[in-house]
Structures are given as C-alpha cells and as structure tokens.
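As provided, final.tsv (TSV, C-alpha atoms and all ligand atoms) reads as follows.
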chain	number	residue	atom	x	y	z
A	65	MET	CA	0.00	0.00	0.00
A	66	PRO	CA	1.72	3.29	-1.04
A	67	GLN	CA	2.01	5.96	1.65
A	68	PRO	CA	-0.15	9.02	0.99
A	69	LEU	CA	1.96	11.90	-0.30
A	70	ALA	CA	1.07	14.36	2.42
A	71	THR	CA	3.02	15.83	5.29
A	72	ARG	CA	2.75	18.45	8.02
A	73	ALA	CA	5.15	21.43	7.83
A	74	PRO	CA	5.39	22.26	11.55
A	75	ALA	CA	6.29	25.67	12.93
A	76	LYS	CA	9.97	25.83	13.97
A	77	ILE	CA	10.60	27.34	17.38
A	78	ASN	CA	14.04	28.61	18.37
A	79	LEU	CA	13.85	27.88	22.11
A	80	THR	CA	17.26	29.57	22.39
A	81	LEU	CA	19.37	31.47	19.87
A	82	HIS	CA	22.88	32.67	20.65
A	83	VAL	CA	24.75	34.69	18.02
A	84	LEU	CA	28.44	33.76	18.14
A	85	GLY	CA	29.72	36.17	15.50
A	86	ARG	CA	29.59	37.18	11.87
A	87	ARG	CA	31.45	35.21	9.23
A	88	ALA	CA	33.49	36.59	6.36
A	89	ASP	CA	30.61	35.67	3.98
A	90	GLY	CA	28.27	37.96	5.94
A	91	TYR	CA	26.19	35.17	7.52
A	92	HIS	CA	26.05	34.89	11.30
A	93	ASP	CA	27.27	31.90	13.30
A	94	LEU	CA	24.51	30.74	15.61
A	95	GLU	CA	23.93	28.22	18.37
A	96	SER	CA	20.23	27.48	18.68
A	97	LEU	CA	18.08	24.84	20.33
A	98	VAL	CA	15.40	24.26	17.70
A	99	ALA	CA	12.14	22.48	18.43
A	100	PHE	CA	8.88	22.01	16.53
A	101	ALA	CA	5.28	22.85	17.36
A	102	SER	CA	2.31	20.60	16.69
A	103	THR	CA	0.74	23.43	14.67
A	104	GLY	CA	1.84	24.11	11.10
A	105	ASP	CA	1.07	24.19	7.40
A	106	ASP	CA	0.05	21.10	5.41
A	107	LEU	CA	1.51	19.99	2.09
A	108	ARG	CA	0.26	17.38	-0.39
A	109	LEU	CA	1.83	16.20	-3.62
A	110	GLU	CA	-0.18	14.85	-6.55
A	111	PRO	CA	2.42	12.99	-8.57
A	112	GLY	CA	2.60	13.39	-12.36
A	113	GLY	CA	2.71	16.24	-14.83
A	114	ALA	CA	4.67	19.42	-14.48
A	115	LEU	CA	5.83	21.03	-11.24
A	116	ALA	CA	2.95	23.17	-9.94
A	117	LEU	CA	1.81	24.77	-6.70
A	118	HIS	CA	-1.67	25.65	-5.44
A	119	VAL	CA	-1.95	27.50	-2.15
A	120	ASP	CA	-5.02	27.92	0.05
A	121	GLY	CA	-5.55	28.67	3.75
A	122	PRO	CA	-5.74	31.87	5.81
A	123	THR	CA	-2.21	33.16	5.08
A	124	ALA	CA	-2.04	31.99	1.45
A	125	PRO	CA	-2.08	35.52	-0.05
A	126	LEU	CA	1.03	36.46	1.96
A	127	ALA	CA	3.02	33.40	0.90
A	128	GLY	CA	2.20	33.58	-2.84
A	129	ASP	CA	2.09	30.65	-5.26
A	130	GLY	CA	4.75	31.65	-7.79
A	131	ALA	CA	8.42	30.85	-8.34
A	132	ASP	CA	9.31	32.79	-5.17
A	133	ASN	CA	7.45	30.32	-2.99
A	134	LEU	CA	10.00	28.20	-1.16
A	135	VAL	CA	8.10	25.00	-2.08
A	136	VAL	CA	8.79	25.69	-5.77
A	137	LYS	CA	12.33	26.89	-5.06
A	138	ALA	CA	13.24	23.73	-3.13
A	139	ALA	CA	11.64	21.42	-5.72
A	140	ARG	CA	13.56	23.13	-8.55
A	141	LEU	CA	16.85	22.93	-6.61
A	142	LEU	CA	16.33	19.18	-6.19
A	143	ARG	CA	15.27	18.68	-9.83
A	144	GLU	CA	18.50	20.40	-10.96
A	145	ARG	CA	20.47	17.81	-8.96
A	146	VAL	CA	18.60	14.56	-9.60
A	147	GLU	CA	18.22	13.42	-13.20
A	148	GLY	CA	14.70	12.29	-14.08
A	149	LEU	CA	13.23	13.43	-10.75
A	150	LYS	CA	9.47	12.73	-10.68
A	151	VAL	CA	7.51	15.82	-9.63
A	152	GLY	CA	3.84	16.86	-9.65
A	153	ALA	CA	1.36	19.37	-8.26
A	154	PHE	CA	1.86	20.56	-4.68
A	155	HIS	CA	-1.14	21.72	-2.63
A	156	LEU	CA	-0.12	23.91	0.31
A	157	THR	CA	-2.55	24.82	3.10
A	158	LYS	CA	-0.92	27.90	4.56
A	159	ARG	CA	-1.86	28.73	8.16
A	160	LEU	CA	1.35	30.03	9.72
A	161	PRO	CA	2.05	33.76	9.65
A	162	VAL	CA	4.64	34.73	7.03
A	163	ALA	CA	8.05	36.32	7.78
A	164	ALA	CA	7.37	35.48	11.42
A	165	GLY	CA	10.49	33.79	12.84
A	166	ILE	CA	8.85	30.36	12.97
A	167	GLY	CA	10.25	29.19	9.66
A	168	GLY	CA	6.95	28.64	7.88
A	169	GLY	CA	8.53	29.01	4.45
A	170	SER	CA	11.53	26.90	5.45
A	171	SER	CA	9.31	24.16	6.85
A	172	ASP	CA	7.20	24.20	3.65
A	173	ALA	CA	10.39	23.88	1.56
A	174	ALA	CA	11.59	20.99	3.73
A	175	ALA	CA	8.16	19.33	3.48
A	176	ALA	CA	8.34	19.58	-0.32
A	177	LEU	CA	11.74	17.88	-0.25
A	178	ARG	CA	10.39	15.12	2.05
A	179	LEU	CA	7.50	14.41	-0.34
A	180	LEU	CA	9.77	14.39	-3.41
A	181	ALA	CA	12.15	12.07	-1.56
A	182	ARG	CA	9.25	9.70	-0.82
A	183	LEU	CA	8.00	9.82	-4.42
A	184	ASN	CA	11.46	9.15	-5.85
A	185	GLY	CA	12.71	6.64	-3.28
A	186	LEU	CA	15.49	8.94	-2.03
A	187	SER	CA	16.69	8.87	1.55
A	188	LEU	CA	16.61	12.07	3.58
A	189	SER	CA	20.39	11.86	3.87
A	190	HIS	CA	20.82	11.79	0.05
A	191	PRO	CA	23.52	14.43	-0.75
A	192	ALA	CA	21.34	16.09	-3.43
A	193	LEU	CA	18.51	16.49	-0.95
A	194	ARG	CA	20.85	17.89	1.70
A	195	GLU	CA	22.32	20.34	-0.82
A	196	ALA	CA	18.92	21.45	-2.11
A	197	ALA	CA	17.83	22.07	1.49
A	198	ARG	CA	20.94	24.12	2.28
A	199	LEU	CA	20.58	26.23	-0.86
A	200	ALA	CA	16.85	26.84	-0.25
A	201	GLY	CA	17.61	28.68	3.04
A	202	ALA	CA	19.58	28.56	6.28
A	203	ASP	CA	16.65	27.09	8.22
A	204	VAL	CA	15.61	24.43	5.68
A	205	PRO	CA	18.11	21.67	6.73
A	206	VAL	CA	16.86	21.63	10.35
A	207	CYS	CA	13.27	21.36	9.09
A	208	LEU	CA	14.03	18.36	6.82
A	209	GLU	CA	13.55	15.91	9.72
A	210	PRO	CA	11.57	18.09	12.12
A	211	ARG	CA	12.90	16.83	15.46
A	212	ALA	CA	14.35	18.97	18.24
A	213	ARG	CA	18.11	19.38	17.91
A	214	MET	CA	20.95	21.86	18.30
A	215	MET	CA	21.63	23.90	15.18
A	216	ARG	CA	24.98	25.59	14.68
A	217	GLY	CA	26.85	27.56	12.04
A	218	ALA	CA	24.42	29.34	9.77
A	219	GLY	CA	22.10	26.32	10.07
A	220	GLU	CA	24.22	23.72	8.25
A	221	GLU	CA	25.57	21.96	11.38
A	222	LEU	CA	22.91	19.82	13.00
A	223	GLY	CA	23.22	17.85	16.22
A	224	PRO	CA	21.47	14.52	16.86
A	225	ALA	CA	17.69	14.47	17.42
A	226	LEU	CA	16.87	15.18	21.07
A	227	SER	CA	14.05	13.68	23.12
A	228	LEU	CA	12.84	16.86	24.79
A	229	PRO	CA	10.01	16.73	27.32
A	230	ARG	CA	6.83	18.10	25.77
A	231	LEU	CA	6.28	21.79	26.44
A	232	PHE	CA	2.91	23.57	26.35
A	233	ALA	CA	3.10	26.92	24.62
A	234	VAL	CA	1.21	29.87	23.25
A	235	LEU	CA	2.56	31.42	20.05
A	236	VAL	CA	1.72	35.09	19.55
A	237	ASN	CA	2.31	37.07	16.37
A	238	PRO	CA	1.07	40.65	16.05
A	239	ARG	CA	0.55	40.05	12.29
A	240	VAL	CA	3.38	42.33	11.27
A	241	PRO	CA	6.05	40.78	9.04
A	242	VAL	CA	9.66	41.16	10.22
A	243	GLU	CA	12.30	40.50	7.57
A	244	THR	CA	15.17	38.28	8.76
A	245	PRO	CA	18.02	40.15	6.96
A	246	ALA	CA	17.01	43.46	8.59
A	247	VAL	CA	17.21	41.92	12.08
A	248	PHE	CA	20.66	40.39	11.50
A	249	LYS	CA	21.84	43.71	10.04
A	250	ALA	CA	20.58	45.60	13.09
A	251	LEU	CA	22.97	43.53	15.28
A	252	GLY	CA	25.62	45.74	13.69
A	253	LEU	CA	28.41	43.11	13.53
A	254	GLN	CA	31.29	43.46	11.05
A	255	PRO	CA	32.29	40.44	8.91
A	256	GLY	CA	34.78	38.42	10.96
A	257	GLN	CA	33.63	39.87	14.29
A	258	GLN	CA	33.22	37.31	17.10
A	259	LEU	CA	31.10	37.60	20.26
A	260	PRO	CA	31.73	35.91	23.63
A	261	GLY	CA	28.47	33.94	23.22
A	262	GLY	CA	28.48	32.40	26.66
A	263	ALA	CA	28.00	28.75	27.45
A	264	HIS	CA	24.84	27.26	26.04
A	265	PRO	CA	22.85	25.29	28.65
A	266	ALA	CA	22.51	21.55	28.21
A	267	ALA	CA	19.57	20.68	26.01
A	268	GLU	CA	19.01	17.29	27.64
A	269	ALA	CA	16.47	17.63	30.46
A	270	SER	CA	14.37	14.91	32.05
A	271	SER	CA	11.32	17.04	32.92
A	272	PRO	CA	9.58	20.12	31.48
A	273	GLY	CA	10.53	22.06	34.65
A	274	ALA	CA	14.22	21.20	34.25
A	275	LEU	CA	14.07	22.16	30.58
A	276	VAL	CA	12.46	25.52	31.31
A	277	ALA	CA	15.09	26.17	34.02
A	278	ALA	CA	17.85	25.42	31.46
A	279	LEU	CA	16.17	27.63	28.83
A	280	LYS	CA	16.14	30.50	31.32
A	281	GLN	CA	19.95	30.36	31.37
A	282	ALA	CA	19.96	31.08	27.63
A	283	ARG	CA	18.73	33.90	25.38
A	284	ASN	CA	17.56	34.90	21.96
A	285	ASP	CA	20.20	37.42	20.88
A	286	LEU	CA	18.00	38.58	18.01
A	287	GLU	CA	15.32	39.81	20.44
A	288	PRO	CA	16.84	43.27	21.17
A	289	PRO	CA	17.43	44.25	17.49
A	290	ALA	CA	14.04	42.83	16.43
A	291	ARG	CA	12.28	44.78	19.20
A	292	ARG	CA	13.93	47.99	17.99
A	293	ILE	CA	12.64	47.30	14.46
A	294	GLN	CA	9.17	46.23	15.59
A	295	PRO	CA	8.08	47.47	19.06
A	296	LEU	CA	4.93	45.29	18.97
A	297	ILE	CA	7.26	42.38	19.80
A	298	GLY	CA	7.89	43.97	23.21
A	299	GLU	CA	4.15	44.45	23.66
A	300	ALA	CA	3.48	40.78	22.87
A	301	LEU	CA	6.18	39.65	25.34
A	302	GLY	CA	4.68	41.96	27.96
A	303	LEU	CA	1.22	40.45	27.51
A	304	LEU	CA	2.61	36.91	27.90
A	305	ARG	CA	4.61	37.85	31.01
A	306	GLU	CA	1.63	39.50	32.70
A	307	ALA	CA	-0.01	36.12	33.34
A	308	PRO	CA	1.51	34.41	36.43
A	309	SER	CA	1.10	30.97	34.80
A	310	CYS	CA	3.70	31.88	32.11
A	311	ARG	CA	7.02	30.17	33.00
A	312	LEU	CA	9.08	31.77	30.23
A	313	ALA	CA	8.34	34.21	27.38
A	314	ARG	CA	10.82	34.63	24.50
A	315	MET	CA	10.96	35.49	20.82
A	316	SER	CA	11.52	32.79	18.19
A	317	GLY	CA	14.09	33.29	15.40
A	318	SER	CA	14.16	36.83	14.06
A	319	GLY	CA	10.57	37.48	15.18
A	320	ALA	CA	8.02	38.78	15.39
A	321	THR	CA	6.48	35.58	16.84
A	322	VAL	CA	6.96	35.19	20.59
A	323	PHE	CA	6.17	32.13	22.69
A	324	GLY	CA	5.07	31.63	26.28
A	325	LEU	CA	5.63	28.31	28.09
A	326	TYR	CA	3.16	26.83	30.63
A	327	ASP	CA	2.94	23.84	32.95
A	328	ASP	CA	0.04	22.19	31.17
A	329	CYS	CA	-2.24	22.48	28.16
A	330	GLU	CA	-5.11	24.02	30.19
A	331	ALA	CA	-2.89	26.92	31.34
A	332	ALA	CA	-1.66	27.46	27.77
A	333	ALA	CA	-5.23	27.39	26.40
A	334	GLU	CA	-6.38	29.88	29.04
A	335	ALA	CA	-3.47	32.26	28.35
A	336	GLY	CA	-4.19	32.03	24.62
A	337	LYS	CA	-7.85	32.89	25.23
A	338	GLN	CA	-6.93	35.93	27.33
A	339	ILE	CA	-4.47	37.32	24.78
A	340	ARG	CA	-6.95	36.73	21.93
A	341	ARG	CA	-9.54	38.68	23.93
A	342	LEU	CA	-7.11	41.59	24.38
A	343	ARG	CA	-5.73	41.53	20.82
A	344	PRO	CA	-8.41	40.00	18.57
A	345	ASP	CA	-6.44	40.96	15.42
A	346	TRP	CA	-3.30	39.07	16.41
A	347	TRP	CA	-2.42	35.46	15.56
A	348	VAL	CA	-2.54	33.51	18.82
A	349	LYS	CA	-2.10	29.73	18.93
A	350	ALA	CA	-1.96	27.39	21.90
A	351	THR	CA	0.14	24.38	20.92
A	352	SER	CA	2.65	21.85	22.17
A	353	VAL	CA	6.36	22.01	21.35
A	354	ARG	CA	9.02	19.30	21.49
B	401	LIG	C1	16.93	33.57	12.21
B	401	LIG	C2	16.54	32.16	11.89
B	401	LIG	C3	16.88	31.25	13.11
B	401	LIG	O1	16.43	29.94	12.96
B	401	LIG	O2	15.16	31.93	11.68
B	401	LIG	P1	13.94	32.83	11.10
B	401	LIG	O3	13.80	34.06	11.88
B	401	LIG	O4	14.22	33.11	9.68
B	401	LIG	O5	12.72	31.93	11.24
B	401	LIG	C4	17.38	31.61	10.69
B	401	LIG	O6	18.75	31.61	10.97
B	401	LIG	C5	17.16	32.31	9.38
B	401	LIG	O7	17.03	31.34	8.39
B	401	LIG	P2	16.36	31.66	6.94
B	401	LIG	O8	15.17	32.50	7.11
B	401	LIG	O9	16.23	30.37	6.23
B	401	LIG	O10	17.51	32.54	6.34
B	401	LIG	P3	17.96	32.76	4.81
B	401	LIG	O11	16.76	32.96	3.97
B	401	LIG	O12	18.95	31.71	4.40
B	401	LIG	O13	18.76	34.12	4.99
B	401	LIG	C6	18.14	35.38	4.96
B	401	LIG	C7	19.20	36.40	5.34
B	401	LIG	O14	19.39	36.38	6.77
B	401	LIG	C8	20.74	36.62	7.10
B	401	LIG	N1	21.26	35.46	7.87
B	401	LIG	C9	20.58	34.30	7.90
B	401	LIG	C10	21.03	33.24	8.67
B	401	LIG	C11	22.24	33.42	9.39
B	401	LIG	N2	22.75	32.44	10.14
B	401	LIG	N3	22.92	34.58	9.32
B	401	LIG	C12	22.44	35.61	8.57
B	401	LIG	O15	23.05	36.68	8.54
B	401	LIG	C13	21.47	36.86	5.79
B	401	LIG	O16	21.46	38.24	5.57
B	401	LIG	C14	20.59	36.19	4.77
B	401	LIG	O17	20.70	36.77	3.49
B	402	LIG	N1	5.72	28.89	1.52
B	402	LIG	C1	6.07	30.05	2.08
B	402	LIG	N2	5.58	30.39	3.28
B	402	LIG	C2	5.97	31.54	3.88
B	402	LIG	N3	6.81	32.42	3.32
B	402	LIG	C3	7.33	32.14	2.13
B	402	LIG	C4	6.98	30.95	1.46
B	402	LIG	N4	7.66	30.93	0.31
B	402	LIG	C5	8.40	32.05	0.27
B	402	LIG	N5	8.21	32.80	1.34
B	402	LIG	C6	8.94	34.06	1.65
B	402	LIG	O1	9.95	33.71	2.59
B	402	LIG	C7	10.20	34.74	3.53
B	402	LIG	C8	10.41	34.17	4.93
B	402	LIG	O2	9.17	33.64	5.38
B	402	LIG	P1	9.01	32.67	6.63
B	402	LIG	O3	9.72	31.41	6.39
B	402	LIG	O4	7.55	32.60	6.88
B	402	LIG	O5	9.65	33.52	7.79
B	402	LIG	P2	10.91	33.43	8.72
B	402	LIG	O6	12.12	33.29	7.84
B	402	LIG	O7	10.90	34.72	9.49
B	402	LIG	O8	10.72	32.27	9.62
B	402	LIG	C9	9.02	35.70	3.43
B	402	LIG	O9	9.51	36.95	3.01
B	402	LIG	C10	8.08	35.11	2.37
B	402	LIG	O10	7.65	36.05	1.42
Please re-express this file's structure in structure tokens.
Ligand SMILES: C[C@@](CO)(OP(=O)(O)O)[C@H](O)COP(=O)(O)OP(=O)(O)OC[C@H]1O[C@@H](n2ccc(N)nc2=O)[C@H](O)[C@@H]1O
Ligand SMILES: Nc1ncnc2c1ncn2[C@@H]1O[C@H](COP(=O)(O)OP(=O)(O)O)[C@@H](O)[C@H]1O
Amino acid sequence: MPQPLATRAPAKINLTLHVLGRRADGYHDLESLVAFASTGDDLRLEPGGALALHVDGPTAPLAGDGADNLVVKAARLLRERVEGLKVGAFHLTKRLPVAAGIGGGSSDAAAALRLLARLNGLSLSHPALREAARLAGADVPVCLEPRARMMRGAGEELGPALSLPRLFAVLVNPRVPVETPAVFKALGLQPGQQLPGGAHPAAEASSPGALVAALKQARNDLEPPARRIQPLIGEALGLLREAPSCRLARMSGSGATVFGLYDDCEAAAEAGKQIRRLRPDWWVKATSVR
C-alpha cells in the first residue's frame, strides 16, 4: 500500500538562539536549540505532470504561489540535482504567519523535499537532498527531519535528534512581518567579528521544569534588534509575562512571533484565550512544542 503523499510542515521554534559572530561571507554563526510545534502548514503532492503549486488557507495571499514560494524553489533545486526526478502538483494549506520567525517558508520547503524524496525513493540523507535544502535557506536543513536538535553555524551543522520533554506553549504574532536580513543587520556586527556567546545550557532535560530552568539560562540574541525594528514584539512579550502561569516568554528566530511556556495544556489554552480577547487581530495559537 503506497504511503499518501502528504506531510505536516510544523512551525519551527528557536527555544534559544545565541549569536556567536559574523562570518566573512556575511552570515552569522549561531547556536540554537530548535524544536517544533504541533501546529503548522500542510503539504500534499499529486504525482505526475509538471511542477505546480496551489496554495489555500488563511495566510495563502502572503506566501504567494509563484516561483518565489520556497516549495517551488526547493523542488527546482532538487530537480536540478537529480536526473529524471518525478515531480507533480503541490497543494499547500498555509496557516502560519509569514516572515514570522517560525520558519513557515523553510518548513514548507523541507516538506516539499520530504515528499519528493518519498515519491522518488530517495533517503533524507541523500547528498542532493541535503544540498537542495541548504541552498533553499539557512533554516531548511533543520526542518528536513523536524525533530528537536541543536543547530549551529548558519544552520548547516545539526546535532542529533533530542528527546525533549513536551512543552505547552502559546505562540503570539502581532501580524506584522519582520524581515530576517534586517534583524541580523541591526545587530551591527562586522564580517569576521566574534562575540563571547556564553556557554549554552545543556539541552538534555528529564522534565519540562528542568528544561524551562535550562532555557532561562539562555537567550535569543535577536530579540533586542528585532524589538527595535518592531516594538509590537515587546508588547506581545509583555502580555505573555503579565499572566503568572507563564514560565518563560521569549521570541523565536528573528521574530516577530513570541512564545510563552506553561505547565500544562489548560494553562496554555487559558493564556491564549486571554491574549486573543485583548488583541483579537493578532495570531494567537496554543500548541505543544518538542
Ligand atoms: C533567524 C533564523 C533562526 O532559525 O530563523 P527565522 O527568523 O528566519 O525563522 C534563521 O537563521 C534564518 O534562516 P532563513 O530565514 O532560512 O535565512 P535565509 O533565507 O537563508 O537568509 C536570509 C538572510 O538572513 C541573514 N542570515 C541568515 C542566517 C544566518 N545564520 N545569518 C544571517 O546573517 C542573511 O542576511 C541572509 O541573506
Ligand atoms: N511557503 C512560504 N511560506 C511563507 N513564506 C514564504 C513561502 N515561500 C516564500 N516565502 C517568503 O519567505 C520569507 C520568509 O518567510 P518565513 O519562512 O515565513 O519567515 P521566517 O524566515 O521569518 O521564519 C518571506 O519573506 C516570504 O515572502
């Protein structure tokens, strides 16, 4: 029985993100504990015919369905590297906010590569697949097998999959796009400049409480520059921190999405409800992360 050609493209959450410096090529060296939410976009592939993309869902107009869409970009990068690659029509249901620091586009690109790998009998460690992922964007390799792990370099160095305890979270995005290059630029580092970084806390933790305690020892270094570019990020963090049930509130990636962590799913659902009531125009999602 063939497996259905459908996959979830989960939201990527940078639970921590330390910037270690800027490389000669202009990219920044990072150390980030990346995890994935249960919420995300959905991608299907109808095999046969030419490469095509149809997009529906609440944030479809922001993602676009042309050559700029990362699904098409990733599929083309793979087709250029694998002779006779079978393709088809992708159907993307886009729910995640766009340019939001939760890697929606990157996760969609990685999902496209997973489906093409399945259709063509390629393993996820196939060099062409790895290269297509890397060229599609810094965050695409970590999304290829969406399991929590440490990500280093500009995203090309991946640690082993980690069994993190499940965290209950609320994701909040004020529905303002924040462009990743602008946030890195606002750090103001010169090519070749290194930062002290500081020790990254151990990612292995046996309980949610121990994990949250470890996360508190770390940071997201992109939070200060992103907040200067988009002050609503500070407002969203403030709303999360107001509720006593919130154990930790932090920005993901280059923003503007922020996340709050809670002891259980009821507390997360309640916090989500309260923020939605206060900011009905914002994107607010209670979810689990691991
Ligand atoms: C910041 C992070 C953290 O996970 O996430 P997002 O905020 O995008 O979700 C990623 O490093 C983003 O990855 P991604 O969004 O794929 O980046 P790319 O498209 O490859 O790069 C966009 C631009 O960001 C800058 N960039 C990106 C990654 C990096 N390590 N250093 C950089 O300086 C470069 O200016 C680059 O031209
Ligand atoms: N399928 C897609 N979903 C979201 N954004 C996409 C997609 N394809 C291309 N993009 C473009 O990629 C850029 C980054 O989007 P996204 O991955 O959502 O954000 P981030 O890099 O902040 O996590 C946006 O400027 C958007 O226009």
Which residue of A:Pro295, A:Gly148, A:Pro229, A:Gly261 approaches Asn184 in chain A most closely, using only C-alpha atoms: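 That would be A:Gly148, the residue with the smallest distance to Asn184 in chain A.
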All residues having an atom within 9 Å of ligand LIG 402 (chain B) (all atoms listed in the file) as a PyMOL selection string: chain A and resi 75-76+105+119+123-124+126-137+156+158+160-173+201-203+241-244+316-321
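Each of A:Lys337, A:Arg216, A:Arg343, A:Arg140 was compared to Pro238 in chain A using only C-alpha atoms, and A:Arg343 turns out to be the nearest.
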Distance query 10 Å from (21.3, 21.6, 13.7) using all atoms listed in the file, result as an MDAnalysis selection string: chainID A and resid 94:98 203 205:207 211:225
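Nearest residue to ligand LIG 401 (chain B), choosing from A:Ala192, A:Val240, A:Val276, A:Leu81 and counting all atoms listed in the file: A:Leu81.
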Would you mind telling me which residue in A:His155, A:Arg145, A:Lys249, A:Arg108 lies nearest to ligand LIG 401 (chain B) when using all atoms listed in the file?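 Among the listed residues, the smallest separation from ligand LIG 401 (chain B) belongs to A:Lys249.
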Separation of CA of Ala278 in chain A and atom O11 of ligand LIG 401 (chain B), in Å? 28.5 Å
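With distances restricted to all atoms listed in the file, A:Ala350 is the closest residue to Gln338 in chain A from A:Ala263, A:Leu149, A:Ala350, A:Leu69.
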Residues within 12 Å of (11.8, 12.8, 21.5), file coordinates, counting only C-alpha atoms: what are they? Give the list as a list in words.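 Residues lying no farther than 12 Å from the given point: Ala99, Phe100, Pro210, Arg211, Ala212, Arg213, Pro224, Ala225, Leu226, Ser227, Leu228, Pro229, Arg230, Leu231, Ala267, Glu268, Ala269, Ser270, Val353 and Arg354 of chain A.
Counting from atom O17 of ligand LIG 401 (chain B), the distance to CA of Pro191 in chain A is 22.9 Å.
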Between A:Ala331, A:Ala300, A:Val247, A:Leu193, single out the one closest to ligand LIG 401 (chain B), counting only C-alpha atoms and all ligand atoms.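 Looking only at the distances to ligand LIG 401 (chain B), the closest residue turns out to be A:Val247.
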